[in-house]
$ cat data06.cif   # mmCIF, C-alpha atoms
data_my_file
#
loop_
_atom_site.label_atom_id
_atom_site.label_comp_id
_atom_site.auth_asym_id
_atom_site.auth_seq_id
_atom_site.Cartn_x
_atom_site.Cartn_y
_atom_site.Cartn_z
CA MET A 1 -26.91 -15.77 149.88
CA PRO A 2 -29.35 -16.59 152.69
CA HIS A 3 -32.99 -15.65 152.41
CA GLY A 4 -35.28 -14.27 155.12
CA ARG A 5 -38.78 -15.49 155.81
CA ASP A 6 -40.14 -12.39 154.11
CA GLY A 7 -38.37 -13.29 150.85
CA ARG A 8 -35.55 -10.77 151.07
CA THR A 9 -32.02 -11.72 150.18
CA PHE A 10 -29.40 -10.79 152.77
CA PRO A 11 -25.90 -10.22 151.42
CA LYS A 12 -22.99 -10.74 153.77
CA SER A 13 -22.71 -7.03 154.47
CA GLU A 14 -26.24 -6.97 155.84
CA ARG A 15 -25.90 -9.84 158.27
CA HIS A 16 -25.12 -9.38 161.92
CA LEU A 17 -24.34 -5.70 162.26
CA PRO A 18 -21.42 -5.20 164.67
CA LYS A 19 -22.44 -4.64 168.27
CA THR A 20 -20.60 -1.33 168.27
CA THR A 21 -22.74 -0.12 165.37
CA ILE A 22 -25.95 -1.09 167.16
CA LEU A 23 -24.75 0.66 170.32
CA VAL A 24 -24.00 3.84 168.36
CA PHE A 25 -27.53 3.63 166.91
CA ALA A 26 -28.90 3.29 170.45
CA ALA A 27 -26.83 6.19 171.77
CA ALA A 28 -27.88 8.46 168.90
CA ALA A 29 -31.53 7.52 169.39
CA GLY A 30 -31.35 8.14 173.15
CA LEU A 31 -29.70 11.54 172.81
CA SER A 32 -32.13 12.63 170.10
CA VAL A 33 -35.26 11.72 172.06
CA ALA A 34 -33.83 13.32 175.22
CA ASN A 35 -33.86 16.67 173.42
CA ILE A 36 -37.67 16.59 173.59
CA TYR A 37 -37.77 16.18 177.38
CA TYR A 38 -34.97 18.44 178.63
CA ALA A 39 -37.26 21.46 178.84
CA GLN A 40 -39.76 20.06 181.34
CA PRO A 41 -37.74 20.80 184.52
CA LEU A 42 -36.33 24.02 183.00
CA LEU A 43 -39.57 25.86 182.25
CA ASP A 44 -39.47 28.04 185.36
CA ALA A 45 -35.92 29.23 184.60
CA MET A 46 -36.82 29.95 180.96
CA ALA A 47 -39.92 31.86 182.02
CA ARG A 48 -37.92 34.08 184.39
CA GLU A 49 -35.26 34.89 181.82
CA PHE A 50 -37.68 35.81 179.03
CA GLY A 51 -40.30 37.38 181.27
CA LEU A 52 -42.99 34.94 180.18
CA SER A 53 -46.04 33.83 182.12
CA PRO A 54 -46.41 30.18 183.20
CA ALA A 55 -49.13 29.73 180.57
CA ALA A 56 -46.95 31.17 177.81
CA ILE A 57 -43.82 29.19 178.68
CA GLY A 58 -45.89 26.02 178.40
CA LEU A 59 -45.71 26.59 174.65
CA VAL A 60 -42.14 25.29 174.81
CA VAL A 61 -43.42 21.77 175.49
CA THR A 62 -46.44 22.13 173.22
CA LEU A 63 -44.47 23.35 170.21
CA THR A 64 -41.81 20.68 170.71
CA GLN A 65 -44.48 17.98 170.64
CA ILE A 66 -46.19 19.55 167.62
CA GLY A 67 -42.86 19.59 165.81
CA TYR A 68 -42.30 15.96 166.71
CA GLY A 69 -45.74 14.98 165.46
CA LEU A 70 -45.18 16.78 162.15
CA GLY A 71 -41.85 15.02 161.80
CA LEU A 72 -43.48 11.63 162.27
CA ILE A 73 -45.95 12.41 159.50
CA PHE A 74 -43.76 14.25 156.98
CA ILE A 75 -40.11 13.26 157.62
CA VAL A 76 -40.03 9.64 158.78
CA PRO A 77 -41.75 8.27 155.62
CA LEU A 78 -38.87 9.75 153.60
CA GLY A 79 -36.78 6.85 154.86
CA ASP A 80 -38.63 4.53 152.47
CA ILE A 81 -37.94 6.59 149.34
CA ILE A 82 -34.50 8.21 149.80
CA ASN A 83 -31.10 7.12 151.12
CA ARG A 84 -31.55 6.61 154.86
CA ARG A 85 -27.89 7.24 155.61
CA ARG A 86 -28.05 10.73 154.14
CA LEU A 87 -31.39 11.41 155.82
CA ILE A 88 -30.04 10.46 159.26
CA LEU A 89 -26.84 12.48 158.90
CA GLY A 90 -28.74 15.48 157.55
CA GLN A 91 -31.19 15.42 160.44
CA GLY A 92 -28.32 15.07 162.89
CA LEU A 93 -26.53 18.16 161.61
CA LEU A 94 -29.73 20.21 161.51
CA SER A 95 -30.48 19.12 165.08
CA VAL A 96 -27.13 20.54 166.18
CA LEU A 97 -28.07 23.89 164.63
CA ALA A 98 -31.51 23.84 166.29
CA LEU A 99 -29.99 23.10 169.70
CA VAL A 100 -27.49 25.93 169.31
CA ALA A 101 -30.36 28.26 168.34
CA VAL A 102 -32.21 27.35 171.55
CA ALA A 103 -29.09 27.73 173.69
CA THR A 104 -28.35 31.20 172.28
CA ALA A 105 -31.95 32.45 171.91
CA LYS A 106 -32.33 36.17 172.71
CA THR A 107 -36.10 36.36 172.45
CA GLY A 108 -39.04 34.15 173.29
CA ALA A 109 -39.95 33.89 169.59
CA ILE A 110 -36.54 32.43 168.74
CA LEU A 111 -36.81 30.06 171.69
CA PHE A 112 -40.22 28.82 170.53
CA ALA A 113 -39.06 28.39 166.92
CA GLY A 114 -35.92 26.59 168.03
CA MET A 115 -37.85 24.16 170.24
CA ALA A 116 -40.29 23.39 167.42
CA ALA A 117 -37.30 22.61 165.18
CA VAL A 118 -35.76 20.42 167.91
CA GLY A 119 -38.98 18.40 168.07
CA LEU A 120 -39.28 18.18 164.28
CA LEU A 121 -35.74 16.83 163.88
CA ALA A 122 -35.88 14.48 166.88
CA VAL A 123 -37.79 12.01 164.71
CA VAL A 124 -34.38 10.85 163.49
CA VAL A 125 -34.97 8.33 166.30
CA GLN A 126 -37.64 6.58 164.24
CA VAL A 127 -35.54 6.69 161.07
CA LEU A 128 -32.74 4.97 163.01
CA VAL A 129 -35.11 2.26 164.26
CA ALA A 130 -36.51 1.69 160.77
CA PHE A 131 -33.01 1.60 159.23
CA ALA A 132 -31.79 -0.95 161.77
CA ALA A 133 -34.90 -3.09 161.35
CA ALA A 134 -34.54 -3.06 157.57
CA LEU A 135 -30.87 -4.06 157.78
CA ALA A 136 -31.51 -6.91 160.21
CA THR A 137 -32.31 -10.47 159.30
CA PRO A 138 -35.62 -11.78 160.66
CA THR A 139 -33.82 -13.76 163.37
CA GLU A 140 -32.05 -10.70 164.79
CA ARG A 141 -34.59 -7.94 164.14
CA GLY A 142 -36.23 -8.05 167.56
CA ARG A 143 -32.91 -8.05 169.40
CA MET A 144 -31.71 -5.06 167.40
CA VAL A 145 -34.93 -3.09 167.86
CA GLY A 146 -34.84 -3.94 171.56
CA THR A 147 -31.31 -2.61 171.97
CA ILE A 148 -32.10 0.66 170.21
CA THR A 149 -35.34 1.02 172.14
CA SER A 150 -33.33 0.65 175.35
CA GLY A 151 -31.30 3.65 174.24
CA ILE A 152 -34.49 5.58 173.61
CA VAL A 153 -35.88 4.69 177.03
CA ILE A 154 -32.66 5.71 178.73
CA GLY A 155 -32.85 9.03 176.89
CA ILE A 156 -36.46 9.62 177.96
CA LEU A 157 -36.04 8.63 181.60
CA ALA A 158 -32.62 10.25 182.14
CA ALA A 159 -33.34 13.52 180.31
CA ARG A 160 -35.10 15.29 183.17
CA PHE A 161 -32.48 14.24 185.71
CA ALA A 162 -29.57 15.23 183.45
CA ALA A 163 -31.22 18.56 182.63
CA GLY A 164 -31.63 19.34 186.33
CA ILE A 165 -27.99 18.60 187.10
CA LEU A 166 -26.62 20.60 184.16
CA ALA A 167 -28.95 23.51 184.86
CA ASP A 168 -27.79 23.63 188.48
CA LEU A 169 -24.19 23.75 187.30
CA GLY A 170 -24.40 26.16 184.37
CA GLY A 171 -27.95 27.38 183.82
CA TRP A 172 -30.61 26.09 181.43
CA ARG A 173 -28.67 27.16 178.32
CA ALA A 174 -25.85 24.80 179.26
CA VAL A 175 -28.23 21.85 178.81
CA TYR A 176 -28.73 22.61 175.12
CA LEU A 177 -25.09 23.55 174.48
CA VAL A 178 -23.91 20.24 175.93
CA SER A 179 -26.52 18.37 173.92
CA ALA A 180 -25.41 20.17 170.73
CA ILE A 181 -21.79 19.16 171.35
CA LEU A 182 -22.73 15.55 172.07
CA SER A 183 -25.01 15.46 169.01
CA LEU A 184 -22.22 16.70 166.77
CA ALA A 185 -19.88 14.04 168.16
CA LEU A 186 -22.49 11.35 167.50
CA VAL A 187 -22.96 12.57 163.92
CA GLY A 188 -19.23 12.00 163.50
CA LEU A 189 -19.59 8.46 164.82
CA LEU A 190 -22.59 7.79 162.58
CA VAL A 191 -20.56 8.89 159.54
CA ARG A 192 -18.16 6.08 160.37
CA VAL A 193 -20.59 3.31 161.30
CA LEU A 194 -23.71 3.79 159.15
CA PRO A 195 -23.69 1.19 156.37
CA ARG A 196 -22.99 2.77 152.98
CA HIS A 197 -24.71 0.16 150.84
CA ARG A 198 -28.26 0.89 149.78
CA ILE A 199 -31.17 -1.26 150.81
CA SER A 200 -34.22 -1.51 148.64
CA THR A 201 -36.55 1.49 148.95
CA SER A 202 -39.87 2.39 147.42
CA THR A 203 -39.83 3.82 143.91
CA GLY A 204 -43.07 5.75 144.50
CA SER A 205 -43.45 9.45 145.08
CA TYR A 206 -43.32 11.25 148.42
CA VAL A 207 -47.04 12.03 148.28
CA ALA A 208 -47.81 8.39 147.56
CA ALA A 209 -45.66 7.36 150.52
CA LEU A 210 -47.60 9.69 152.83
CA ARG A 211 -50.94 8.44 151.56
CA SER A 212 -49.91 4.83 152.03
CA VAL A 213 -49.36 5.16 155.80
CA PRO A 214 -53.03 5.21 156.90
CA MET A 215 -53.85 2.70 154.17
CA LEU A 216 -51.30 0.25 155.58
CA PHE A 217 -52.73 0.46 159.08
CA PHE A 218 -56.40 0.37 158.18
CA SER A 219 -56.06 -2.40 155.60
CA GLU A 220 -54.20 -4.82 157.86
CA PRO A 221 -55.84 -5.61 161.23
CA ALA A 222 -52.58 -6.65 162.91
CA LEU A 223 -51.03 -3.25 162.30
CA LEU A 224 -54.06 -1.38 163.61
CA VAL A 225 -54.19 -3.56 166.72
CA ARG A 226 -50.54 -2.83 167.46
CA GLY A 227 -51.19 0.88 166.98
CA VAL A 228 -54.15 0.83 169.38
CA LEU A 229 -52.08 -1.08 171.94
CA ALA A 230 -49.37 1.57 171.65
CA LEU A 231 -51.93 4.33 172.22
CA LEU A 232 -53.29 2.68 175.37
CA ILE A 233 -50.02 1.59 176.99
CA PHE A 234 -48.46 5.01 176.49
CA ALA A 235 -51.59 6.68 177.82
CA SER A 236 -51.03 4.60 180.96
CA PHE A 237 -47.29 5.40 180.96
CA SER A 238 -47.89 9.13 180.51
CA THR A 239 -50.59 9.14 183.18
CA PHE A 240 -48.05 7.99 185.74
CA TRP A 241 -45.04 10.08 184.76
CA THR A 242 -47.01 13.29 184.19
CA ALA A 243 -48.80 13.16 187.54
CA LEU A 244 -45.94 11.79 189.66
CA VAL A 245 -44.34 15.19 190.26
CA LEU A 246 -47.55 16.54 191.83
CA PRO A 247 -47.72 14.40 195.00
CA LEU A 248 -43.95 14.06 195.39
CA SER A 249 -43.30 17.80 195.23
CA ALA A 250 -46.02 18.52 197.81
CA PRO A 251 -46.06 17.78 201.58
CA PRO A 252 -45.36 15.39 203.21
CA PHE A 253 -42.59 14.63 200.70
CA SER A 254 -41.63 18.02 199.22
CA TYR A 255 -38.96 16.35 197.06
CA SER A 256 -36.73 18.45 194.82
CA HIS A 257 -36.85 18.11 191.02
CA THR A 258 -33.52 16.30 191.11
CA CYS A 259 -34.84 13.81 193.66
CA ILE A 260 -38.02 13.23 191.65
CA GLY A 261 -35.86 12.69 188.58
CA LEU A 262 -34.23 9.75 190.35
CA PHE A 263 -37.51 7.85 190.02
CA GLY A 264 -36.92 7.94 186.27
CA LEU A 265 -33.58 6.24 186.78
CA VAL A 266 -35.33 3.56 188.85
CA GLY A 267 -37.56 2.93 185.86
CA LEU A 268 -34.49 2.07 183.80
CA VAL A 269 -34.24 -1.25 185.64
CA GLY A 270 -37.51 -2.46 184.21
CA ALA A 271 -36.85 -0.93 180.80
CA MET A 272 -33.49 -2.68 180.46
CA VAL A 273 -35.01 -6.05 181.33
CA ALA A 274 -37.62 -5.44 178.61
CA THR A 275 -34.99 -5.75 175.86
CA GLY A 276 -35.46 -9.52 176.09
CA ALA A 277 -38.92 -9.06 174.58
CA GLY A 278 -37.30 -8.52 171.19
CA ARG A 279 -35.57 -11.89 171.38
CA LEU A 280 -38.84 -13.59 172.27
CA ALA A 281 -40.51 -11.92 169.27
CA ASP A 282 -37.71 -13.22 167.05
CA ARG A 283 -38.56 -16.74 168.25
CA GLY A 284 -42.23 -16.37 167.38
CA HIS A 285 -43.55 -15.60 170.88
CA GLY A 286 -44.60 -12.01 170.23
CA GLN A 287 -48.30 -12.52 170.96
CA TRP A 288 -47.81 -14.18 174.32
CA THR A 289 -45.06 -11.78 175.32
CA THR A 290 -47.56 -8.99 174.68
CA GLY A 291 -50.28 -10.64 176.76
CA ALA A 292 -48.01 -11.35 179.74
CA SER A 293 -46.64 -7.80 179.64
CA LEU A 294 -50.14 -6.30 179.57
CA VAL A 295 -51.13 -8.34 182.63
CA LEU A 296 -47.98 -7.04 184.34
CA LEU A 297 -48.86 -3.47 183.35
CA LEU A 298 -52.29 -3.74 184.92
CA ALA A 299 -50.81 -5.31 188.07
CA SER A 300 -48.23 -2.51 188.40
CA TRP A 301 -50.94 -0.01 189.33
CA ALA A 302 -51.69 -1.85 192.59
CA PRO A 303 -48.36 -0.95 194.29
CA ILE A 304 -48.35 2.45 192.55
CA ALA A 305 -51.72 3.24 194.18
CA LEU A 306 -50.17 2.80 197.65
CA LEU A 307 -48.55 6.25 197.46
CA PRO A 308 -48.28 8.10 199.87
CA LEU A 309 -48.44 5.14 202.25
CA SER A 310 -45.39 3.38 200.82
CA VAL A 311 -42.61 4.81 198.64
CA PRO A 312 -40.92 1.36 198.32
CA ALA A 313 -44.18 0.00 196.88
CA LEU A 314 -44.23 2.91 194.44
CA ILE A 315 -40.67 2.11 193.34
CA PHE A 316 -41.60 -1.54 192.78
CA GLY A 317 -44.59 -0.42 190.72
CA VAL A 318 -42.38 1.88 188.63
CA VAL A 319 -40.11 -1.04 187.73
CA LEU A 320 -43.09 -3.21 186.75
CA LEU A 321 -44.75 -0.43 184.74
CA ASP A 322 -41.64 0.42 182.73
CA LEU A 323 -40.83 -3.24 182.15
CA ALA A 324 -44.33 -3.93 180.84
CA VAL A 325 -44.65 -0.84 178.64
CA GLN A 326 -41.25 -1.23 177.02
CA ALA A 327 -41.72 -4.98 176.47
CA VAL A 328 -44.93 -4.32 174.53
CA HIS A 329 -43.31 -1.40 172.70
CA VAL A 330 -40.31 -3.46 171.56
CA THR A 331 -42.54 -6.35 170.52
CA ASN A 332 -44.89 -4.04 168.62
CA GLN A 333 -42.11 -2.49 166.56
CA SER A 334 -40.45 -5.80 165.80
CA LEU A 335 -43.70 -7.40 164.64
CA ILE A 336 -45.05 -4.55 162.52
CA VAL A 337 -41.76 -4.16 160.64
CA ALA A 338 -41.68 -7.93 160.03
CA LEU A 339 -44.98 -7.64 158.13
CA HIS A 340 -43.67 -5.12 155.58
CA PRO A 341 -39.87 -4.64 155.81
CA GLU A 342 -39.90 -2.57 152.62
CA ALA A 343 -42.13 0.00 154.35
CA SER A 344 -40.36 0.05 157.71
CA SER A 345 -40.02 3.85 157.93
CA ARG A 346 -43.70 4.44 157.13
CA LEU A 347 -44.77 1.74 159.57
CA ILE A 348 -42.62 3.07 162.41
CA GLY A 349 -43.74 6.64 161.72
CA GLY A 350 -47.41 5.68 161.65
CA TYR A 351 -47.04 3.55 164.76
CA MET A 352 -45.43 6.43 166.65
CA VAL A 353 -48.40 8.67 165.84
CA PHE A 354 -50.49 6.30 167.98
CA TYR A 355 -47.77 6.54 170.65
CA SER A 356 -47.88 10.35 170.59
CA VAL A 357 -51.67 10.50 170.80
CA GLY A 358 -51.66 8.13 173.76
CA SER A 359 -48.96 10.13 175.54
CA ALA A 360 -50.89 13.36 175.04
CA VAL A 361 -54.20 11.86 176.21
CA GLY A 362 -52.57 10.41 179.31
CA ALA A 363 -50.86 13.69 180.21
CA VAL A 364 -53.98 15.82 179.86
CA ALA A 365 -56.23 13.31 181.63
CA ALA A 366 -53.78 12.72 184.51
CA THR A 367 -53.47 16.36 185.53
CA SER A 368 -57.23 16.87 185.29
CA ILE A 369 -58.01 13.78 187.34
CA TYR A 370 -55.40 14.64 189.98
CA VAL A 371 -57.12 17.97 190.66
CA GLN A 372 -60.45 16.22 191.13
CA ALA A 373 -59.53 12.92 192.80
CA GLY A 374 -55.88 13.06 193.81
CA TRP A 375 -53.46 10.15 193.45
CA PRO A 376 -56.16 7.44 193.87
CA GLY A 377 -57.94 8.92 190.84
CA VAL A 378 -54.72 8.88 188.82
CA SER A 379 -54.14 5.24 189.78
CA VAL A 380 -57.65 4.27 188.67
CA LEU A 381 -57.16 6.11 185.38
CA GLY A 382 -53.85 4.37 184.71
CA GLY A 383 -55.40 1.03 185.57
CA MET A 384 -58.29 1.69 183.19
CA PHE A 385 -55.95 2.41 180.28
CA SER A 386 -54.01 -0.77 181.12
CA ALA A 387 -57.16 -2.88 181.38
CA ALA A 388 -58.39 -1.52 178.05
CA ALA A 389 -55.12 -2.55 176.40
CA LEU A 390 -55.40 -6.05 177.86
CA LEU A 391 -58.98 -6.38 176.61
CA VAL A 392 -57.95 -5.26 173.11
CA TRP A 393 -55.29 -7.96 173.08
CA VAL A 394 -57.71 -10.64 174.30
CA PHE A 395 -60.52 -9.82 171.88
CA THR A 396 -58.24 -9.49 168.84
CA LEU A 397 -55.99 -12.47 169.57
CA ARG A 398 -57.75 -14.81 167.17
CA SER A 399 -58.14 -12.32 164.32
CA VAL A 400 -54.49 -11.24 164.22
CA ARG A 401 -53.21 -14.81 164.16
CA THR A 402 -54.15 -14.87 160.51
CA CYS A 403 -51.82 -11.92 159.94
CA ARG A 404 -48.69 -13.87 160.92
CA ILE A 405 -48.08 -12.19 164.26
#
$ encode --input "data06.cif" --output "structure tokens"
Amino acid sequence: MPHGRDGRTFPKSERHLPKTTILVFAAAAGLSVANIYYAQPLLDAMAREFGLSPAAIGLVVTLTQIGYGLGLIFIVPLGDIINRRRLILGQGLLSVLALVAVATAKTGAILFAGMAAVGLLAVVVQVLVAFAAALATPTERGRMVGTITSGIVIGILAARFAAGILADLGGWRAVYLVSAILSLALVGLLVRVLPRHRISTSTGSYVAALRSVPMLFFSEPALLVRGVLALLIFASFSTFWTALVLPLSAPPFSYSHTCIGLFGLVGLVGAMVATGAGRLADRGHGQWTTGASLVLLLASWAPIALLPLSVPALIFGVVLLDLAVQAVHVTNQSLIVALHPEASSRLIGGYMVFYSVGSAVGAVAATSIYVQAGWPGVSVLGGMFSAAALLVWVFTLRSVRTCRI
């Protein structure tokens, strides 16, 4: 049997997962993460139906994110100590029930509880990434993570657009009913394609697994650096996508939500190109791929800042921004899992906590800055987050070389 660089033995069944299996992983990940973002263009319709104020209906997004954060901390690490196949299938079925609960909610309390559950269970995305990374050989890990991450990006960027279309056709409840049906179908596919053989997992307790997550990141500089980079690039990413609706929905543009959602589809171009970052990481070029992508991220804010003078320049900037962010994201995940494959679930879960913090910081800061300084202020803020990430990479380049990435 062949051996990986990390000392693991790879039986035949673990080598070269079929492309169809990887694509099912990517589809399941994309649909799961989309469940978190469907609500954003639907909040006004939900508020009208339940008689809630704009401030109160904002709890839908807040509770969903809180649920997601709790899932990262308390559910994802389970992938290192129990059978990942059962964990994924269990989360998938429970997600179907949560989506049905949201779609049929009769009161605001049920809606809020259902959305929190949707967020909590959406972390199946990270269990899927960790499972795929653990199954992969070192030479294919980056490619596999890149493919699944593409599915996640498609889910994030297409969710708002799809929700708007479905809501126009059948109301906001139709969005969650359709997602429940698709989720159930994907669970059926996962039953067929998820490998049945066990891979080595930790023999420690659940509490020990939870405690080990911060210890892993703070004891190994390379992991902490990758976490900080995730926080900063997603702060930049969230700054842009949170604030974009504000100038585009106002004069002189006055675009509809569906039209604004098309900008997310434009971003898919850059995100799809970024899958090649995983292949470069597999070949040992992860550090320089990161550096080049961070330079590109900083540069993307120049054309973005030209709004409202030039929409084509904005579109070009969107492509650059999504390409850069996703290239760093794919590289980060591939490299951190390579350090400790036996702890892939805990590493991915811990890494995504940095991601979530960055996204939240960017969202809050962007709306506040827009009120005070408009789109130029937002562009400066996004550029500052990007520049900070580039500086972190430059100043830690020498130290993390000793950590094999």
$ resolve_selection --input "data06.cif" --expression "the PyMOL selection byres ((chain A and resi 93-102) around 10)" --output "ChimeraX atom specification"
/A:32,35,88-92,103-108,110-122,124,173,175-188
$ resolve_selection --input "data06.cif" --expression "the PyMOL selection byres ((chain A and resi 347-361) around 7)" --output "ChimeraX atom specification"
/A:69,72-73,76-77,126,130,213,227-228,230-232,234-235,238,333,336-337,343-346,362-365
$ write_last_selection --input "data06.cif" --atoms "C-alpha atoms" --output "PDB file, in the coordinates of the input"
ATOM      1  CA  GLY A  69     -45.740  14.980 165.460  1.00  0.00           C
ATOM      2  CA  LEU A  72     -43.480  11.630 162.270  1.00  0.00           C
ATOM      3  CA  ILE A  73     -45.950  12.410 159.500  1.00  0.00           C
ATOM      4  CA  VAL A  76     -40.030   9.640 158.780  1.00  0.00           C
ATOM      5  CA  PRO A  77     -41.750   8.270 155.620  1.00  0.00           C
ATOM      6  CA  GLN A 126     -37.640   6.580 164.240  1.00  0.00           C
ATOM      7  CA  ALA A 130     -36.510   1.690 160.770  1.00  0.00           C
ATOM      8  CA  VAL A 213     -49.360   5.160 155.800  1.00  0.00           C
ATOM      9  CA  GLY A 227     -51.190   0.880 166.980  1.00  0.00           C
ATOM     10  CA  VAL A 228     -54.150   0.830 169.380  1.00  0.00           C
ATOM     11  CA  ALA A 230     -49.370   1.570 171.650  1.00  0.00           C
ATOM     12  CA  LEU A 231     -51.930   4.330 172.220  1.00  0.00           C
ATOM     13  CA  LEU A 232     -53.290   2.680 175.370  1.00  0.00           C
ATOM     14  CA  PHE A 234     -48.460   5.010 176.490  1.00  0.00           C
ATOM     15  CA  ALA A 235     -51.590   6.680 177.820  1.00  0.00           C
ATOM     16  CA  SER A 238     -47.890   9.130 180.510  1.00  0.00           C
ATOM     17  CA  GLN A 333     -42.110  -2.490 166.560  1.00  0.00           C
ATOM     18  CA  ILE A 336     -45.050  -4.550 162.520  1.00  0.00           C
ATOM     19  CA  VAL A 337     -41.760  -4.160 160.640  1.00  0.00           C
ATOM     20  CA  ALA A 343     -42.130   0.000 154.350  1.00  0.00           C
ATOM     21  CA  SER A 344     -40.360   0.050 157.710  1.00  0.00           C
ATOM     22  CA  SER A 345     -40.020   3.850 157.930  1.00  0.00           C
ATOM     23  CA  ARG A 346     -43.700   4.440 157.130  1.00  0.00           C
ATOM     24  CA  GLY A 362     -52.570  10.410 179.310  1.00  0.00           C
ATOM     25  CA  ALA A 363     -50.860  13.690 180.210  1.00  0.00           C
ATOM     26  CA  VAL A 364     -53.980  15.820 179.860  1.00  0.00           C
ATOM     27  CA  ALA A 365     -56.230  13.310 181.630  1.00  0.00           C
TER      28      ALA A 365
END
$ closest_residue --input "data06.cif" --among "A:Met215, A:Val153, A:Ala313, A:Leu194" --to "Ala327 of chain A" --atoms "all atoms listed in the file"
A:Val153
$ resolve_selection --input "data06.cif" --expression "the PyMOL selection byres ((chain A and resi 46-53) around 10)" --output "list in words"
Ala39, Pro41, Leu42, Leu43, Asp44, Ala45, Pro54, Ala55, Ala56, Ile57, Gly58, Val60, Ala105, Lys106, Thr107, Gly108, Ala109, Leu111, Gly171, Trp172 and Arg173 of chain A
$ atom_distance --input "data06.cif" --atom1 "atom CA of Ala281 of chain A" --atom2 "atom CA of Leu135 of chain A"
16.9 Å
$ closest_residue --input "data06.cif" --among "A:Phe25, A:Phe237, A:Tyr37, A:Tyr206" --to "Ile81 of chain A" --atoms "all atoms listed in the file"
A:Tyr206
$ residues_around --input "data06.cif" --residues "Gly286 of chain A" --least-positions-apart "3" --cutoff "9 Å" --atoms "all atoms listed in the file" --output "ChimeraX atom specification"
/A:277-278,280-283,289-291,328,331-332,334-335,405
$ atom_distance --input "data06.cif" --atom1 "atom CA of Val125 of chain A" --atom2 "atom CA of Ala29 of chain A"
4.7 Å
$ atom_distance --input "data06.cif" --atom1 "atom CA of Ala305 of chain A" --atom2 "atom CA of Ser256 of chain A"
21.4 Å
$ closest_residue --input "data06.cif" --among "A:Ser368, A:Thr258, A:Leu298, A:Leu70" --to "Ala167 of chain A" --atoms "all atoms listed in the file"
A:Thr258
$ closest_residue --input "data06.cif" --among "A:Leu244, A:Val191, A:Ala324, A:Leu78" --to "Val311 of chain A" --atoms "all atoms listed in the file"
A:Leu244
$ residues_around --input "data06.cif" --residues "Leu229 of chain A" --least-positions-apart "3" --cutoff "8 Å" --atoms "all atoms listed in the file" --output "list in words"
Val225, Arg226, Leu232, Ile233, Ala389, Val392 and Trp393 of chain A
$ decode --input "data06.cif" --residues "segment 251-283 of chain A" --atoms "C-alpha atoms" --output "PDB file, in the first residue's frame"
ATOM      1  CA  PRO A 251     -30.564  56.395  -7.075  1.00  0.00           C
ATOM      2  CA  PRO A 252     -29.129  56.692  -9.663  1.00  0.00           C
ATOM      3  CA  PHE A 253     -29.234  52.893 -10.016  1.00  0.00           C
ATOM      4  CA  SER A 254     -32.328  51.794  -8.050  1.00  0.00           C
ATOM      5  CA  TYR A 255     -31.667  48.158  -8.995  1.00  0.00           C
ATOM      6  CA  SER A 256     -34.073  45.432  -7.883  1.00  0.00           C
ATOM      7  CA  HIS A 257     -32.967  42.691  -5.471  1.00  0.00           C
ATOM      8  CA  THR A 258     -32.938  40.215  -8.349  1.00  0.00           C
ATOM      9  CA  CYS A 259     -30.675  42.498 -10.385  1.00  0.00           C
ATOM     10  CA  ILE A 260     -28.330  43.032  -7.440  1.00  0.00           C
ATOM     11  CA  GLY A 261     -28.237  39.264  -6.959  1.00  0.00           C
ATOM     12  CA  LEU A 262     -26.774  38.946 -10.450  1.00  0.00           C
ATOM     13  CA  PHE A 263     -23.566  40.523  -9.157  1.00  0.00           C
ATOM     14  CA  GLY A 264     -23.179  37.421  -6.999  1.00  0.00           C
ATOM     15  CA  LEU A 265     -23.321  35.273 -10.113  1.00  0.00           C
ATOM     16  CA  VAL A 266     -20.605  37.455 -11.668  1.00  0.00           C
ATOM     17  CA  GLY A 267     -18.455  36.634  -8.663  1.00  0.00           C
ATOM     18  CA  LEU A 268     -18.706  32.947  -9.544  1.00  0.00           C
ATOM     19  CA  VAL A 269     -16.302  33.514 -12.429  1.00  0.00           C
ATOM     20  CA  GLY A 270     -13.480  34.418 -10.100  1.00  0.00           C
ATOM     21  CA  ALA A 271     -14.434  31.778  -7.551  1.00  0.00           C
ATOM     22  CA  MET A 272     -14.381  28.990 -10.131  1.00  0.00           C
ATOM     23  CA  VAL A 273     -10.933  30.015 -11.357  1.00  0.00           C
ATOM     24  CA  ALA A 274      -9.737  29.873  -7.736  1.00  0.00           C
ATOM     25  CA  THR A 275     -10.121  26.076  -7.635  1.00  0.00           C
ATOM     26  CA  GLY A 276      -6.683  25.870  -9.247  1.00  0.00           C
ATOM     27  CA  ALA A 277      -5.211  27.137  -5.981  1.00  0.00           C
ATOM     28  CA  GLY A 278      -5.750  23.704  -4.467  1.00  0.00           C
ATOM     29  CA  ARG A 279      -3.646  22.076  -7.184  1.00  0.00           C
ATOM     30  CA  LEU A 280      -0.858  24.582  -6.600  1.00  0.00           C
ATOM     31  CA  ALA A 281      -0.956  23.807  -2.866  1.00  0.00           C
ATOM     32  CA  ASP A 282      -0.665  20.096  -3.677  1.00  0.00           C
ATOM     33  CA  ARG A 283       2.539  20.892  -5.586  1.00  0.00           C
TER      34      ARG A 283
END
